[in-house]
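First the structure, in the form of structure tokens, and then the observations on it.
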Number of protein chains: 2
Amino acid sequence: MAAKKQKVFFISDSTGITIESLGQSLFAQFPDTEFVKTVFPFVSDAQEVQRVIASISAVMEAEPAPPIVFTSLADKSLLELFLAHDIAVLDIFSTFIPQLESRLGTKAKHAVGETHGVGSPLKYVQRIEALDFTLNHDDGTKIIDLANADIVLTGVSRSGKTPTCLYLAMHYNLKAANYPLVDADFESPALPRAIAGVQDRVFGLTLSPRQLHKIRQERRPGSRYASLEQCEYEVHRAEAIFRATRLPYLDSTSISIEEIATTILQRLKLRARPTDSQLPASTSQ
Amino acid sequence: MAAKKQKVFFISDSTGITIESLGQSLFAQFPDTEFVKTVFPFVSDAQEVQRVIASISAVMEAEPAPPIVFTSLADKSLLELFLAHDIAVLDIFSTFIPQLESRLGTKAKHAVGETHGVGSPLKYVQRIEALDFTLNHDDGTKIIDLANADIVLTGVSRSGKTPTCLYLAMHYNLKAANYPLVDADFESPALPRAIAGVQDRVFGLTLSPRQLHKIRQERRPGSRYASLEQCEYEVHRAEAIFRATRLPYLDSTSISIEEIATTILQRLKLRARPTDSQLPASTSQ
């Protein structure tokens, strides 16, 4: 396992989510180092910066390797406070903003926390509506409204439908419904009638029977539901349905919810519904 | 409104979520430009890159302003294909990896899609468990297990509790429960008994009565529930309870779910439960 420890600080005038995500992408390329992370969100004035600098200075005195400091501060004068303390920072604003200014032929406004806010309450409402729809269509019981779904995920119980639907609703404003395949559905290789009518919006999820067994064991240890035999039966029957009906489907065994969601959007050629959320909202063409 | 349109491409060997989020932070500093975004995720070989280059070249021929291209490709040889076509890219890997290599005294492994995967199935299960807990504690009806909650959000109906709980579960692996304040709770300025026992983990959400009225109108137009008068009453009573019980609380009227979640973690000094998800997992100290 990782032997070398490296302290990392993320300092943002907003949530810090973007730079922490950036850091994680980069750190994955250094598997022999263990990165110990601290995030300081909402750092927006000199007093806050001085508090952060005190924390960093304490680490610099205590440890041989200086900490790595990522910042995304729109206000240049705050950035200068770090430099005055000989703290080298990796700053995404000063790295990319000058290049964008030159490409766009216009000056950045350097306003703090510009990724903040919900902007238009109407668009906020749209995001909540997508989440509500998904929460109300989570177990296949209320199927009356499936015609209004942007996407319907199907698969055996615990194949990752619910978290993926919630992710699609939260990040892409999509009305994502969830239709679980149960024993009665396995008697025929056809799609269950409830979702056959909207097949162009249906996507299948599968996973390895062994992984399914592991997940179900956590939930109901020792049950027939969790047995490897039952998991193998359900997965094989579900995949037979996907193949027989030419349904697009994905094996979720070893990929993340983020990847499952992105892949589904790509394969169904779906785009996000408009939102002004600070999280990624558009998708591939 | 924004007049000038600028096409932007995001090209990633993974989901593209990180660079798109980075782009959105940067673009917010240029409010006079409308950025028209296209994401190409999972671009991992030369053939895929050539397909992307064809799309970009088509835009370059059709429009006076060249598109802005953000990339995060671990494989340098793929990056060189863009340069061979005179396409200037803003690449987060070639920007930051050399600096990290020099700071860490070690070479990056330049492996594709290293942010992929769920890694340990156990940690994946933990994330799903947090989501399950949150889904099962979404309406205050099943309160028996509140002692196991990492955090309990309270406030009037439609104050943002559910999306914030789901965000805390999905991104920080926290068991986030939700206790709505209803008319019966407003008779006393005390916290409802069900949550008084775990007050150290309870956080209040409030919002402007006018915004609440707007949100409820979308849901049940013309109802007493949605009336401005009822919204004013509930918000004032809820805030009175928060003040009387010295509960930390936040006005969610004009901030995003991401900001609400980050602020709550900071104020309750909560940290994320361990996860190997590619999304931000740690939080402020």
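Quick note on naming: the chains in the structure tokens go A, B, ... in the order shown, residues restart at 1 in each chain, and ligands are numbered from 1 in order of appearance.
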Determine which residues of region 126-284 of chain B DSSP labels as strand (DSSP E or B) from the backbone of this structure, then write them out as JSON, numbers by chain. {"B": [151, 152, 153, 154, 155, 156, 176, 177, 178, 179, 180, 181, 202, 203, 204, 205, 206, 249, 250, 251, 284]}
To test your reading of the structure, identify every residue in region 120-202 of chain B that backbone DSSP assigns to alpha helix (DSSP H), and report it as a ChimeraX atom specification. /B:121-136,161-172,193-196
Residues from the last selection, N, CA and C atoms, saved as a short mmCIF file (atom, residue, chain, number, x, y, z; two decimals), in the first residue's frame:
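That gives us again26.cif:
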data_model
loop_
_atom_site.label_atom_id
_atom_site.label_comp_id
_atom_site.auth_asym_id
_atom_site.auth_seq_id
_atom_site.Cartn_x
_atom_site.Cartn_y
_atom_site.Cartn_z
N PRO B 121 -15.20 -3.01 -3.48
CA PRO B 121 -16.65 -3.18 -3.40
C PRO B 121 -17.19 -2.80 -2.03
N LEU B 122 -16.40 -2.98 -1.00
CA LEU B 122 -16.86 -2.65 0.35
C LEU B 122 -17.17 -1.16 0.44
N LYS B 123 -16.28 -0.33 -0.09
CA LYS B 123 -16.51 1.11 -0.01
C LYS B 123 -17.71 1.51 -0.86
N TYR B 124 -17.90 0.80 -1.98
CA TYR B 124 -19.06 1.04 -2.82
C TYR B 124 -20.32 0.76 -2.01
N VAL B 125 -20.29 -0.35 -1.29
CA VAL B 125 -21.43 -0.72 -0.46
C VAL B 125 -21.72 0.37 0.57
N GLN B 126 -20.65 0.96 1.14
CA GLN B 126 -20.86 2.01 2.14
C GLN B 126 -21.62 3.21 1.55
N ARG B 127 -21.28 3.53 0.33
CA ARG B 127 -21.95 4.66 -0.31
C ARG B 127 -23.43 4.34 -0.53
N ILE B 128 -23.69 3.12 -0.99
CA ILE B 128 -25.07 2.71 -1.22
C ILE B 128 -25.83 2.67 0.10
N GLU B 129 -25.16 2.21 1.15
CA GLU B 129 -25.81 2.16 2.48
C GLU B 129 -26.22 3.55 2.95
N ALA B 130 -25.36 4.53 2.72
CA ALA B 130 -25.70 5.89 3.11
C ALA B 130 -26.92 6.38 2.34
N LEU B 131 -26.96 6.07 1.04
CA LEU B 131 -28.11 6.48 0.22
C LEU B 131 -29.38 5.78 0.69
N ASP B 132 -29.26 4.47 0.97
CA ASP B 132 -30.43 3.71 1.44
C ASP B 132 -30.97 4.31 2.74
N PHE B 133 -30.06 4.60 3.66
CA PHE B 133 -30.47 5.18 4.93
C PHE B 133 -31.24 6.48 4.68
N THR B 134 -30.68 7.31 3.81
CA THR B 134 -31.31 8.60 3.53
C THR B 134 -32.67 8.43 2.88
N LEU B 135 -32.78 7.50 1.94
CA LEU B 135 -34.07 7.27 1.28
C LEU B 135 -35.11 6.75 2.28
N ASN B 136 -34.65 5.95 3.24
CA ASN B 136 -35.58 5.38 4.22
C ASN B 136 -35.91 6.34 5.37
N LYS B 161 -34.67 20.07 2.20
CA LYS B 161 -34.09 19.01 3.03
C LYS B 161 -33.75 17.76 2.20
N THR B 162 -34.70 17.30 1.39
CA THR B 162 -34.48 16.05 0.66
C THR B 162 -33.29 16.13 -0.31
N PRO B 163 -33.25 17.11 -1.21
CA PRO B 163 -32.08 17.14 -2.10
C PRO B 163 -30.77 17.29 -1.36
N THR B 164 -30.78 18.06 -0.28
CA THR B 164 -29.53 18.24 0.47
C THR B 164 -29.11 16.93 1.13
N CYS B 165 -30.08 16.21 1.71
CA CYS B 165 -29.77 14.89 2.31
C CYS B 165 -29.20 13.94 1.27
N LEU B 166 -29.83 13.91 0.09
CA LEU B 166 -29.35 12.99 -0.96
C LEU B 166 -27.94 13.38 -1.40
N TYR B 167 -27.70 14.67 -1.49
CA TYR B 167 -26.36 15.12 -1.88
C TYR B 167 -25.32 14.72 -0.83
N LEU B 168 -25.69 14.88 0.44
CA LEU B 168 -24.76 14.51 1.53
C LEU B 168 -24.48 13.00 1.52
N ALA B 169 -25.50 12.21 1.20
CA ALA B 169 -25.33 10.76 1.14
C ALA B 169 -24.49 10.35 -0.06
N MET B 170 -24.81 10.92 -1.20
CA MET B 170 -24.16 10.51 -2.45
C MET B 170 -22.71 10.96 -2.50
N HIS B 171 -22.44 12.17 -2.04
CA HIS B 171 -21.09 12.72 -2.21
C HIS B 171 -20.21 12.59 -0.99
N TYR B 172 -20.80 12.44 0.17
CA TYR B 172 -19.99 12.40 1.39
C TYR B 172 -20.22 11.13 2.20
N ARG B 193 -39.88 16.32 19.93
CA ARG B 193 -39.24 15.34 20.80
C ARG B 193 -38.39 14.32 20.01
N ALA B 194 -38.88 13.96 18.82
CA ALA B 194 -38.20 12.93 18.03
C ALA B 194 -36.76 13.31 17.70
N ILE B 195 -36.49 14.60 17.57
CA ILE B 195 -35.13 14.99 17.19
C ILE B 195 -34.39 15.72 18.31
N ALA B 196 -35.10 16.04 19.39
CA ALA B 196 -34.45 16.77 20.49
C ALA B 196 -33.30 15.93 21.09
#
Hey, which of B:Asp145, B:Asp200, B:Asp13, B:Glu259 ends up closest to chain A? Count only C-alpha atoms. B:Glu259
Compile the contact shell of Gly160 (chain B) as a PyMOL selection string: residues with an atom at most 12 Å away, counting only C-alpha atoms, same-chain residues fewer than 6 positions apart removed. (chain A and resi 124-125+127-129+131-132) or (chain B and resi 138+153-154+166-167+178-180+204-208+211-212+215-216+250-261)
Excluding same-chain residues fewer than 6 positions from region 95-101 of chain B, what lies within 7 Å of it counting only C-alpha atoms, as JSON, numbers by chain? {"A": [26], "B": [107, 108]}
Pull N, CA and C atoms from the residues just selected and write them as a compact mmCIF listing (two decimals), in the first residue's frame.
# COMPACT_ATOMS: atom_id res chain seq x y z
N LEU A 26 -5.83 14.18 -10.61
CA LEU A 26 -4.37 14.26 -10.77
C LEU A 26 -3.67 13.26 -9.85
N LYS B 107 7.58 10.12 -10.77
CA LYS B 107 6.94 10.27 -12.07
C LYS B 107 5.48 9.83 -12.01
N ALA B 108 4.61 10.54 -12.71
CA ALA B 108 3.22 10.10 -12.86
C ALA B 108 3.20 8.88 -13.76
Would you mind telling me which residue in A:Thr38, A:Gln266, A:Ser12, A:Ser44 lies nearest to Ile56 (chain A) when using only C-alpha atoms? A:Thr38
Restricting the calculation to only C-alpha atoms, which member of A:Gln50, A:Ser188, A:Ser55, A:Ser227 is positioned closest to chain B? A:Ser55
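Candidate residues B:Arg267, B:His213, B:His110, B:Lys76 were compared for distance to chain A, and the nearest is B:His110, using only C-alpha atoms.
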Of the candidates B:Val39, B:Ile87, B:Leu268, B:Ala147, which one gets nearest to Thr18 (chain B) if we count only C-alpha atoms? B:Val39
Which residues are near Asp183 (chain B)? Cut-off 10 Å, only C-alpha atoms, ignore same chain within fewer than 2 positions. Put them as an MDAnalysis selection string. chainID B and resid 156 181 185:187 233:234 237:238
Residues near Asp91 (chain A), anyone? I mean within 7 Å using only C-alpha atoms, not counting same-chain ones fewer than 2 positions away, as an NGL selection string. :A and (70-72 or 89 or 93-95)
Counting only C-alpha atoms, which of B:Ala176, B:Met60, B:Leu265, B:Leu247 gets nearest to chain A? B:Leu265
Residues at most 10 Å from Ser57 (chain B), counting only C-alpha atoms, excluding those fewer than 4 positions away in the same chain, as a PyMOL selection string? chain B and resi 51-53+61-62+66-67+85-87
